file input23.txt (compact mmCIF, C-alpha atoms (C1' of nucleotides))
# COMPACT_ATOMS: atom_id res chain seq x y z
CA MET K 550 117.29 69.97 80.99
CA GLN K 551 118.01 72.41 78.21
CA PRO K 552 116.67 76.00 78.16
CA GLN K 553 113.10 76.58 76.97
CA GLN K 554 112.03 72.97 77.40
CA THR K 555 108.59 71.97 78.61
CA LEU K 556 108.19 69.86 81.77
CA PHE K 557 104.45 69.49 81.24
CA TYR K 558 101.51 71.27 79.67
CA GLU K 559 98.40 72.69 81.27
CA GLY K 560 95.80 69.93 81.18
CA ASP K 561 98.28 67.05 81.14
CA PRO K 562 97.56 64.30 83.67
CA ALA K 563 99.48 65.31 86.79
CA GLU K 564 101.72 62.28 87.23
CA PHE K 565 104.76 63.89 88.76
CA LEU K 566 105.79 66.33 91.40
CA PHE K 567 109.00 68.22 90.67
CA ASN K 568 111.53 69.83 92.90
CA VAL K 569 113.83 72.35 91.26
CA THR K 570 117.47 71.71 92.13
CA GLY K 571 119.16 74.14 89.77
CA GLY K 572 118.35 76.73 87.12
CA MET K 573 114.92 78.28 86.75
CA ILE K 574 111.42 77.13 85.88
CA ARG K 575 108.73 79.36 84.41
CA VAL K 576 105.06 78.58 84.95
CA HIS K 577 102.28 80.05 82.81
CA LYS K 578 98.67 79.91 81.72
CA LEU K 579 97.27 80.76 78.29
CA LEU K 580 94.04 82.19 76.91
CA ALA K 581 92.55 80.70 73.76
CA ASP K 582 93.98 83.46 71.55
CA GLY K 583 97.50 83.09 72.90
CA ARG K 584 97.61 85.82 75.53
CA ARG K 585 99.90 84.52 78.24
CA GLN K 586 100.19 85.10 81.96
CA VAL K 587 103.39 83.91 83.62
CA THR K 588 102.28 83.04 87.15
CA GLY K 589 105.69 82.39 88.60
CA PHE K 590 109.42 81.89 88.31
CA LEU K 591 110.71 78.98 90.38
CA TYR K 592 114.13 78.75 91.96
CA PRO K 593 116.06 75.81 93.36
CA GLY K 594 114.17 74.44 96.35
CA ASP K 595 110.75 75.28 94.94
CA PHE K 596 108.17 72.64 94.08
CA VAL K 597 106.22 72.40 90.83
CA GLY K 598 103.07 70.40 90.34
CA LEU K 599 101.67 70.69 93.83
CA ALA K 600 98.20 70.24 92.33
CA VAL K 601 95.85 67.95 94.22
CA HIS K 602 93.85 67.47 91.05
CA ASP K 603 94.35 64.97 88.29
CA ASN K 604 95.59 67.48 85.74
CA TYR K 605 98.13 70.26 85.82
CA ALA K 606 96.56 73.71 85.95
CA TYR K 607 99.44 75.37 84.13
CA THR K 608 102.38 74.77 81.82
CA ALA K 609 105.89 74.52 83.26
CA GLU K 610 109.00 75.23 81.20
CA THR K 611 112.68 75.74 81.83
CA VAL K 612 114.09 79.24 81.39
CA VAL K 613 117.76 78.26 81.39
CA ALA K 614 119.55 74.96 81.76
CA THR K 615 117.78 73.42 84.73
CA SER K 616 117.88 70.33 86.87
CA VAL K 617 114.86 68.90 88.67
CA CYS K 618 113.98 66.01 90.96
CA ARG K 619 110.91 64.08 89.84
CA PHE K 620 108.54 62.13 92.15
CA PRO K 621 105.61 60.05 90.94
CA ARG K 622 102.56 61.52 92.63
CA THR K 623 101.21 58.05 93.32
CA LYS K 624 104.07 57.53 95.75
CA LEU K 625 103.52 60.87 97.40
CA HIS K 626 100.85 59.73 99.82
CA ALA K 627 102.99 56.84 100.96
CA LEU K 628 105.97 59.11 101.28
CA MET K 629 104.00 61.56 103.40
CA ARG K 630 102.85 58.78 105.69
CA GLU K 631 106.47 57.81 106.29
CA MET K 632 107.54 61.40 106.80
CA PRO K 633 104.80 63.38 108.53
CA HIS K 634 107.28 66.20 108.59
CA LEU K 635 107.02 66.39 104.80
CA GLU K 636 103.33 67.15 104.71
CA ASN K 637 103.84 69.94 107.19
CA ARG K 638 106.60 71.37 105.08
CA MET K 639 104.49 71.25 101.96
CA LEU K 640 101.59 73.00 103.68
CA SER K 641 103.99 75.67 104.75
CA MET K 642 105.32 76.10 101.23
CA ALA K 643 101.81 76.24 99.81
CA SER K 644 100.90 78.96 102.30
CA ASN K 645 103.93 80.96 101.30
CA GLU K 646 103.01 80.61 97.67
CA LEU K 647 99.51 81.83 98.48
CA ILE K 648 100.88 84.96 100.11
CA GLU K 649 103.10 85.62 97.13
CA ALA K 650 100.13 85.04 94.84
CA GLN K 651 98.15 87.68 96.71
CA ASP K 652 101.01 90.14 96.40
CA GLN K 653 101.06 89.43 92.70
CA MET K 654 97.30 90.06 92.45
CA LEU K 655 97.80 93.44 94.08
CA LEU K 656 100.56 94.14 91.59
CA LEU K 657 98.59 93.02 88.55
CA GLY K 658 95.33 94.66 89.54
CA ARG K 659 96.41 97.95 91.02
CA LYS K 660 100.00 98.93 90.26
CA THR K 661 101.25 101.09 87.40
CA ALA K 662 103.92 99.92 84.96
CA GLN K 663 106.67 101.71 86.91
CA GLU K 664 105.46 100.25 90.19
CA LYS K 665 105.28 96.79 88.67
CA ILE K 666 108.84 96.87 87.38
CA ALA K 667 110.24 98.32 90.60
CA SER K 668 108.40 95.68 92.65
CA PHE K 669 109.67 92.98 90.33
CA LEU K 670 113.29 94.04 90.61
CA LEU K 671 113.06 94.21 94.39
CA MET K 672 111.40 90.80 94.56
CA ILE K 673 114.17 89.24 92.49
CA SER K 674 116.77 90.93 94.67
CA ARG K 675 115.08 89.71 97.86
CA ARG K 676 114.90 86.16 96.55
CA ALA K 677 118.53 86.14 95.50
CA GLY K 678 119.50 87.43 98.92
CA ARG K 679 117.42 84.77 100.66
CA ARG K 680 119.22 82.14 98.63
CA GLY K 681 122.54 83.52 99.75
CA GLN K 682 123.52 84.85 96.35
CA SER K 683 124.75 88.29 95.48
CA ASP K 684 121.59 90.36 95.28
CA ASN K 685 123.13 93.39 93.63
CA PRO K 686 123.54 93.52 90.72
CA ILE K 687 120.69 91.09 90.17
CA HIS K 688 120.54 88.46 87.47
CA LEU K 689 117.47 88.20 85.22
CA PRO K 690 117.72 84.88 83.38
CA MET K 691 114.32 85.40 81.75
CA GLY K 692 113.78 87.56 78.66
CA ARG K 693 111.74 90.74 78.31
CA THR K 694 108.77 88.76 77.01
CA ASP K 695 108.72 86.64 80.16
CA ILE K 696 108.92 89.71 82.38
CA ALA K 697 106.14 91.40 80.43
CA ASP K 698 103.87 88.36 80.66
CA PHE K 699 104.61 88.06 84.37
CA LEU K 700 103.70 91.69 85.06
CA GLY K 701 100.75 92.01 82.70
CA LEU K 702 102.58 94.38 80.35
CA THR K 703 104.10 94.33 76.86
CA THR K 704 107.80 93.97 76.09
CA GLU K 705 107.82 97.52 74.78
CA THR K 706 106.50 98.92 78.05
CA VAL K 707 108.98 96.85 80.06
CA SER K 708 111.78 98.21 77.92
CA ARG K 709 110.60 101.79 78.23
CA VAL K 710 110.26 101.61 82.01
CA PHE K 711 113.74 100.11 82.30
CA THR K 712 115.01 103.08 80.32
CA GLN K 713 113.09 105.51 82.56
CA LEU K 714 114.48 103.92 85.73
CA LYS K 715 117.95 104.02 84.22
CA THR K 716 117.57 107.69 83.29
CA SER K 717 116.29 108.56 86.77
CA GLY K 718 119.35 106.87 88.26
CA ALA K 719 117.46 104.18 90.16
CA ILE K 720 119.07 101.34 88.22
CA ARG K 721 121.91 100.62 85.81
CA LEU K 722 121.55 98.15 82.97
CA LEU K 723 124.84 96.26 82.88
CA ASP K 724 123.61 94.01 80.09
CA ASN K 725 120.32 92.46 79.06
CA SER K 726 120.28 90.10 81.99
CA ARG K 727 122.07 92.00 84.72
CA VAL K 728 120.65 95.04 86.51
CA GLN K 729 122.33 97.03 89.22
CA LEU K 730 119.92 98.49 91.75
CA SER K 731 121.67 101.80 92.36
CA ASP K 732 119.03 103.50 94.49
CA MET K 733 117.13 100.98 96.59
CA ARG K 734 115.29 103.73 98.42
CA ALA K 735 113.93 105.22 95.21
CA LEU K 736 113.01 101.76 93.95
CA GLY K 737 111.17 100.98 97.16
CA ALA K 738 109.23 104.21 96.96
CA THR K 739 108.35 103.59 93.33
CA ALA K 740 107.26 100.04 94.08
CA GLN K 741 104.70 101.17 96.66
CA GLY K 742 103.26 104.06 94.70
CA SER K 743 105.88 106.75 94.42
CA MET M 81 78.93 89.39 112.89
CA GLN M 82 77.39 92.46 111.34
CA PRO M 83 78.03 93.53 107.72
CA GLN M 84 81.23 95.44 106.93
CA GLN M 85 83.00 94.44 110.13
CA THR M 86 86.69 93.65 110.29
CA LEU M 87 87.91 90.25 111.47
CA PHE M 88 91.54 91.36 111.42
CA TYR M 89 93.84 93.77 109.67
CA GLU M 90 96.85 93.12 107.47
CA GLY M 91 99.86 93.07 109.77
CA ASP M 92 97.98 92.02 112.91
CA PRO M 93 99.55 89.12 114.80
CA ALA M 94 97.94 86.00 113.36
CA GLU M 95 96.40 84.50 116.47
CA PHE M 96 93.36 82.83 115.01
CA LEU M 97 92.29 80.66 112.16
CA PHE M 98 88.70 81.20 111.00
CA ASN M 99 86.24 78.94 109.29
CA VAL M 100 83.32 80.67 107.60
CA THR M 101 80.01 79.03 108.54
CA GLY M 102 77.58 81.53 107.04
CA GLY M 103 77.51 84.79 105.08
CA MET M 104 80.54 86.09 103.20
CA ILE M 105 84.03 87.31 103.98
CA ARG M 106 86.02 89.68 101.80
CA VAL M 107 89.82 89.66 101.89
CA HIS M 108 91.93 92.52 100.59
CA LYS M 109 95.32 94.20 100.47
CA LEU M 110 96.04 97.93 100.29
CA LEU M 111 98.71 100.15 98.80
CA ALA M 112 99.99 103.12 100.77
CA ASP M 113 97.79 105.58 98.90
CA GLY M 114 94.60 103.58 99.43
CA ARG M 115 94.39 101.62 96.20
CA ARG M 116 92.78 98.31 97.09
CA GLN M 117 92.94 94.81 95.68
CA VAL M 118 90.29 92.38 96.86
CA THR M 119 92.01 89.01 96.68
CA GLY M 120 89.02 86.84 97.45
CA PHE M 121 85.44 86.36 98.53
CA LEU M 122 85.00 83.51 101.01
CA TYR M 123 81.94 81.34 101.34
CA PRO M 124 80.80 79.00 104.10
CA GLY M 125 83.32 76.17 104.42
CA ASP M 126 86.28 78.32 103.44
CA PHE M 127 89.17 79.03 105.80
CA VAL M 128 90.65 82.45 106.55
CA GLY M 129 94.02 83.06 108.11
CA LEU M 130 95.84 80.03 106.78
CA ALA M 131 99.08 82.00 107.07
CA VAL M 132 102.05 80.13 108.44
CA HIS M 133 103.61 83.43 109.39
CA ASP M 134 103.21 85.44 112.54
CA ASN M 135 101.18 88.20 110.95
CA TYR M 136 98.21 88.27 108.64
CA ALA M 137 99.12 89.18 105.07
CA TYR M 138 95.74 90.76 104.35
CA THR M 139 92.68 92.31 105.92
CA ALA M 140 89.51 90.25 106.32
CA GLU M 141 86.07 91.82 106.59
CA THR M 142 82.48 90.66 106.48
CA VAL M 143 80.42 91.59 103.44
CA VAL M 144 77.02 90.73 104.90
CA ALA M 145 75.93 89.33 108.25
CA THR M 146 78.37 86.47 108.74
CA SER M 147 79.14 83.71 111.21
CA VAL M 148 82.59 82.21 111.69
CA CYS M 149 84.30 79.55 113.77
CA ARG M 150 87.50 80.74 115.45
CA PHE M 151 90.47 78.53 116.39
CA PRO M 152 93.55 79.74 118.24
CA ARG M 153 96.47 79.01 115.97
CA THR M 154 98.54 77.81 118.92
CA LYS M 155 96.21 74.84 119.23
CA LEU M 156 96.37 74.10 115.55
CA HIS M 157 99.53 72.02 115.63
CA ALA M 158 98.18 69.90 118.46
CA LEU M 159 94.91 69.51 116.64
CA MET M 160 96.68 68.39 113.49
CA ARG M 161 98.66 65.81 115.40
CA GLU M 162 95.44 64.33 116.72
CA MET M 163 93.79 64.41 113.34
CA PRO M 164 96.32 63.70 110.59
CA HIS M 165 93.40 63.81 108.23
CA LEU M 166 93.03 67.52 108.96
CA GLU M 167 96.47 68.48 107.72
CA ASN M 168 95.84 66.60 104.52
CA ARG M 169 92.57 68.45 104.05
CA MET M 170 94.18 71.80 104.65
CA LEU M 171 96.92 71.08 102.12
CA SER M 172 94.24 70.18 99.66
CA MET M 173 92.36 73.42 100.31
CA ALA M 174 95.53 75.45 100.03
CA SER M 175 96.29 73.82 96.68
CA ASN M 176 92.82 74.67 95.45
CA GLU M 177 93.26 78.25 96.53
CA LEU M 178 96.57 78.37 94.67
CA ILE M 179 94.90 77.23 91.47
CA GLU M 180 92.19 79.85 91.88
CA ALA M 181 94.84 82.45 92.58
CA GLN M 182 96.55 81.60 89.29
CA ASP M 183 93.29 81.90 87.42
CA GLN M 184 92.84 85.29 89.03
CA MET M 185 96.34 86.34 87.94
CA LEU M 186 95.47 85.43 84.36
CA LEU M 187 92.29 87.47 84.70
CA LEU M 188 93.99 90.50 86.23
CA GLY M 189 97.00 90.51 83.95
CA ARG M 190 95.56 89.61 80.60
CA LYS M 191 91.78 89.86 80.36
CA THR M 192 89.76 92.86 79.16
CA ALA M 193 87.04 94.46 81.27
CA GLN M 194 84.31 92.48 79.49
CA GLU M 195 86.22 89.23 79.90
CA LYS M 196 86.80 89.97 83.58
CA ILE M 197 83.13 90.61 84.32
CA ALA M 198 81.97 87.57 82.35
CA SER M 199 84.53 85.36 84.11
CA PHE M 200 83.46 86.78 87.45
CA LEU M 201 79.78 86.07 86.88
CA LEU M 202 80.51 82.52 85.78
CA MET M 203 82.78 81.92 88.77
CA ILE M 204 80.07 83.08 91.17
CA SER M 205 77.55 80.89 89.39
CA ARG M 206 79.86 77.87 89.55
CA ARG M 207 80.48 78.40 93.25
CA ALA M 208 76.81 78.75 94.05
CA GLY M 209 76.10 75.57 92.13
CA ARG M 210 78.86 73.71 93.94
CA ARG M 211 77.30 74.74 97.23
CA GLY M 212 73.95 73.38 96.09
CA GLN M 213 72.30 76.76 95.78
CA SER M 214 70.36 78.11 92.88
CA ASP M 215 73.01 79.32 90.50
CA ASN M 216 70.76 81.32 88.20
CA PRO M 217 69.92 84.06 88.86
CA ILE M 218 73.05 84.56 90.90
CA HIS M 219 73.29 86.60 94.06
CA LEU M 220 76.00 89.25 94.42
CA PRO M 221 76.12 90.26 98.07
CA MET M 222 79.11 92.54 97.47
CA GLY M 223 78.81 96.06 96.07
CA ARG M 224 80.17 97.44 92.82
CA THR M 225 83.22 98.81 94.60
CA ASP M 226 84.11 95.33 95.86
CA ILE M 227 83.66 93.83 92.41
CA ALA M 228 85.78 96.58 90.87
CA ASP M 229 88.58 96.10 93.40
CA PHE M 230 88.44 92.33 92.87
CA LEU M 231 88.76 92.63 89.09
CA GLY M 232 91.24 95.48 88.95
CA LEU M 233 88.70 97.93 87.51
CA THR M 234 86.74 100.99 88.63
CA THR M 235 83.08 100.98 89.67
CA GLU M 236 82.26 103.02 86.58
CA THR M 237 83.75 100.43 84.28
CA VAL M 238 81.99 97.60 86.11
CA SER M 239 78.72 99.45 85.72
CA ARG M 240 79.29 100.14 82.04
CA VAL M 241 80.16 96.51 81.27
CA PHE M 242 77.08 95.30 83.13
CA THR M 243 75.04 97.60 80.93
CA GLN M 244 76.77 96.32 77.79
CA LEU M 245 76.16 92.69 78.75
CA LYS M 246 72.53 93.54 79.51
CA THR M 247 72.12 95.29 76.16
CA SER M 248 73.69 92.36 74.31
CA GLY M 249 71.22 90.01 76.00
CA ALA M 250 73.82 87.95 77.86
CA ILE M 251 72.48 88.91 81.30
CA ARG M 252 69.52 90.57 82.97
CA LEU M 253 69.92 92.84 85.98
CA LEU M 254 67.04 91.92 88.29
CA ASP M 255 68.24 94.33 90.96
CA ASN M 256 71.60 95.59 92.20
CA SER M 257 72.47 92.28 93.78
CA ARG M 258 70.77 89.73 91.55
CA VAL M 259 71.85 88.92 88.00
CA GLN M 260 70.23 86.46 85.67
CA LEU M 261 72.68 84.75 83.31
CA SER M 262 70.47 84.57 80.23
CA ASP M 263 73.03 83.35 77.71
CA MET M 264 75.63 81.15 79.34
CA ARG M 265 77.19 80.31 75.99
CA ALA M 266 77.78 83.96 75.16
CA LEU M 267 79.13 84.59 78.64
CA GLY M 268 81.50 81.67 78.35
CA ALA M 269 82.78 82.90 75.01
CA THR M 270 83.24 86.42 76.36
CA ALA M 271 85.07 85.13 79.44
CA GLN M 272 87.72 83.36 77.35
CA GLY M 273 88.33 86.13 74.84
CA SER M 274 85.27 86.55 72.68
C1' DC W 921 128.25 88.18 55.12
C1' DG W 922 123.30 87.33 55.47
C1' DA W 923 119.68 85.79 58.61
C1' DT W 924 117.48 85.62 62.85
C1' DC W 925 116.44 86.95 67.42
C1' DC W 926 115.94 90.24 70.95
C1' DG W 927 115.77 94.63 73.04
C1' DT W 928 114.97 99.45 72.18
C1' DT W 929 112.76 103.56 70.42
C1' DG W 930 109.18 106.27 68.05
C1' DA W 931 104.41 107.50 66.42
C1' DG W 932 99.81 106.95 66.88
C1' DG W 933 95.54 104.69 68.73
C1' DT W 934 92.39 103.06 72.40
C1' DG W 935 90.48 100.93 76.54
C1' DC W 936 89.82 102.17 80.69
C1' DG W 937 90.41 105.74 84.37
C1' DT W 938 89.10 110.36 86.00
C1' DC W 939 85.95 113.82 86.94
C1' DA W 940 81.41 115.24 87.13
C1' DA W 941 76.47 115.04 87.20
C1' DC W 942 72.24 112.57 87.88
C1' DG W 943 68.68 109.32 89.84
C1' DG W 944 66.60 106.08 92.82
C1' DG W 945 66.19 103.75 97.30
C1' DA W 946 66.78 103.81 102.26
C1' DG W 947 67.05 105.99 106.46
C1' DT W 948 65.94 110.12 109.39
C1' DG W 949 63.46 113.68 111.37
C1' DG W 950 59.65 116.69 111.49
C1' DC F 906 53.18 111.21 105.28
C1' DC F 907 56.43 114.14 103.37
C1' DA F 908 60.96 116.68 102.87
C1' DC F 909 65.76 116.07 103.29
C1' DT F 910 69.97 113.74 103.11
C1' DC F 911 73.07 110.11 102.15
C1' DC F 912 74.67 106.35 99.62
C1' DC F 913 75.18 103.75 95.64
C1' DG F 914 74.83 102.68 90.90
C1' DT F 915 74.63 104.66 86.38
C1' DT F 916 75.82 107.61 82.53
C1' DG F 917 78.50 111.09 79.93
C1' DA F 918 82.71 113.77 78.49
C1' DC F 919 87.39 113.79 78.41
C1' DG F 920 92.30 112.44 79.28
C1' DC F 921 96.02 109.43 79.73
C1' DA F 922 98.75 105.19 80.51
C1' DC F 923 99.61 101.65 78.09
C1' DC F 924 99.05 98.94 73.72
C1' DT F 925 99.82 98.50 68.72
C1' DC F 926 102.42 98.85 64.78
C1' DA F 927 106.66 99.82 62.78
C1' DA F 928 111.53 100.56 62.24
C1' DC F 929 116.15 100.06 63.87
C1' DG F 930 120.57 98.19 66.06
C1' DG F 931 123.42 94.92 68.23
C1' DA F 932 124.46 90.09 69.18
C1' DT F 933 124.74 85.40 67.73
C1' DC F 934 125.20 81.81 64.40
C1' DG F 935 125.59 79.42 60.18

call {"tool": "encode", "arguments": {"input": "input23.txt", "output": "structure tokens"}}
result
Amino acid sequence: MQPQQTLFYEGDPAEFLFNVTGGMIRVHKLLADGRRQVTGFLYPGDFVGLAVHDNYAYTAETVVATSVCRFPRTKLHALMREMPHLENRMLSMASNELIEAQDQMLLLGRKTAQEKIASFLLMISRRAGRRGQSDNPIHLPMGRTDIADFLGLTTETVSRVFTQLKTSGAIRLLDNSRVQLSDMRALGATAQGS
Amino acid sequence: MQPQQTLFYEGDPAEFLFNVTGGMIRVHKLLADGRRQVTGFLYPGDFVGLAVHDNYAYTAETVVATSVCRFPRTKLHALMREMPHLENRMLSMASNELIEAQDQMLLLGRKTAQEKIASFLLMISRRAGRRGQSDNPIHLPMGRTDIADFLGLTTETVSRVFTQLKTSGAIRLLDNSRVQLSDMRALGATAQGS
DNA sequence: CGATCCGTTGAGGTGCGTCAACGGGAGTGG
DNA sequence: CCACTCCCGTTGACGCACCTCAACGGATCG
């Protein structure tokens, strides 16, 4: 799929379950007046559309060129009966997502802009490392608007904090989508609350 | 269990899975300097400790006098093999929690104080109704500090918004723990963004 | 070369936090 | 039964972190 394409919209009947096999998916929710909260960025291996309900609870879009595997949800029950292992694995993934969601709530509800950005950079680095990719410098396929809507900030604030972290020597901005984490210790301290 | 007692702390080895049978559980995470994010209030029927990992990712405490059912997690796998239905049910509950978590992210990241409080009151009302209890006036067993830490606000702001909603006629404060939702339509509008 | 998009930077405003004081209810001890 | 204290919710005054509005620059594309 091409960049910035929609897999499904919030409220659509939830017919399919997707598995990301390449690229990046962005998931978000909207308020009536257009305010947006990005609730997650999904990497290869992640599932989208885990909803048990009849309709999707969020919109899913590609960030960059992305490939996905699509299962009809009607076949899911049958599939799980054949592979009991699968249900276990999905419960495990859902639990992991729940833990990440709680971390994100802590970030959104209680962290400052600097702490949010530092936490975000470290999270991206950790994920890249877990996927066996170079985790420094890190790659940020999403734009400033996506980062802002993920962290509950504005693009201007994201930009300013990047500049502050650059000035303080914690990071280096190689280009708009590549960031070198020069001082992991400082970033870690900032992420937790200076 | 008595009010304000701890079931387990964040980081403790996750030995047990709990099922709330009465009262209310509060779940939270802390930053190093003491800032707190309450990530959920659990009612009878809800599970606590669904973590797949070896350690709890959050602290769980009682809000009021509470009764729980405790399962050793080591027996959980065996139990799920006996009752395949159970695993299905837990996946379903985890998915529901994920959807609620995403709603909460939207609230924390993008809603104003008024919108947060209105959303909170409506959520409590909805939950009470779903459990077959009177949903108006609603009962708030938790204190202002808990509400503030759940919504990413301070107690002062919570108090001020309650007063504003009271003045505007949307609610009536019967006492510190009982709130009458006088104008559901106005509350609904406020919750979404005026 | 003009147009558009995106990130950055600056100036000013504001919603909510901080700090402080007050009041009522509950528990305690005399 | 009455002081005294403690705790919690409320209210006010003030400050600040972040938002808003605006302008600018570089990259990309026709």

call {"tool": "interface_residues", "arguments": {"input": "input23.txt", "of": "chain K", "to": "chain M", "cutoff": "7 Å", "atoms": "all atoms listed in the file", "output": "number ranges by chain"}}
result
K: 578, 580-581, 584, 586, 588, 599-601, 606, 640-641, 643-644, 647-648, 650-651, 654-655, 657-659, 700-701, 741-742

call {"tool": "atom_distance", "arguments": {"input": "input23.txt", "atom1": "atom CA of M:Gln82", "atom2": "atom CA of M:Phe151"}}
result
19.8 Å

call {"tool": "interface_residues", "arguments": {"input": "input23.txt", "of": "chain K", "to": "chain F", "cutoff": "9 Å", "atoms": "only C-alpha atoms (C1' of nucleotides)", "output": "MDAnalysis selection string"}}
result
chainID K and resid 661:662 702:703 705:706

call {"tool": "write_last_selection", "arguments": {"input": "input23.txt", "atoms": "C-alpha atoms", "output": "compact mmCIF listing (two decimals), in the frame of the given file"}}
result
# COMPACT_ATOMS: atom_id res chain seq x y z
CA THR K 661 101.25 101.09 87.40
CA ALA K 662 103.92 99.92 84.96
CA LEU K 702 102.58 94.38 80.35
CA THR K 703 104.10 94.33 76.86
CA GLU K 705 107.82 97.52 74.78
CA THR K 706 106.50 98.92 78.05

call {"tool": "closest_atom_pairs", "arguments": {"input": "input23.txt", "of": "chain K", "to": "chain W", "cutoff": "9 Å", "atoms": "only C-alpha atoms (C1' of nucleotides)", "output": "Markdown table"}}
result
| residue | atom | partner | partner_atom | distance |
| --- | --- | --- | --- | --- |
| K:Gly692 | CA | W:DC926 | C1' | 8.4 |
| K:Arg693 | CA | W:DG927 | C1' | 7.7 |
| K:Thr704 | CA | W:DG927 | C1' | 8.6 |
| K:Glu705 | CA | W:DT928 | C1' | 7.8 |
| K:Ser708 | CA | W:DT928 | C1' | 6.7 |
| K:Arg709 | CA | W:DT928 | C1' | 7.8 |
| K:Thr712 | CA | W:DT928 | C1' | 8.9 |
| K:Asn725 | CA | W:DG927 | C1' | 7.9 |

call {"tool": "calpha_fit_rmsd", "arguments": {"input": "input23.txt", "fixed": "chain K", "moving": "chain M"}}
result
0.0 Å

call {"tool": "atom_distance", "arguments": {"input": "input23.txt", "atom1": "atom CA of M:Ser199", "atom2": "atom CA of M:Ala269"}}
result
9.6 Å

call {"tool": "axis_aligned_box", "arguments": {"input": "input23.txt", "around": "stretch 922-941 of chain W", "padding_each_side": "3 Å", "output": "lines of an AutoDock Vina configuration file"}}
result
center_x = 99.9
center_y = 100.4
center_z = 71.3
size_x = 52.8
size_y = 35.6
size_z = 37.7

call {"tool": "atom_distance", "arguments": {"input": "input23.txt", "atom1": "atom CA of K:Asp595", "atom2": "atom CA of K:Leu566"}}
result
10.8 Å

call {"tool": "closest_residue", "arguments": {"input": "input23.txt", "among": "K:Glu610, K:Glu664, K:Glu631, K:Asp603", "to": "K:Ala735", "atoms": "all atoms listed in the file"}}
result
K:Glu664
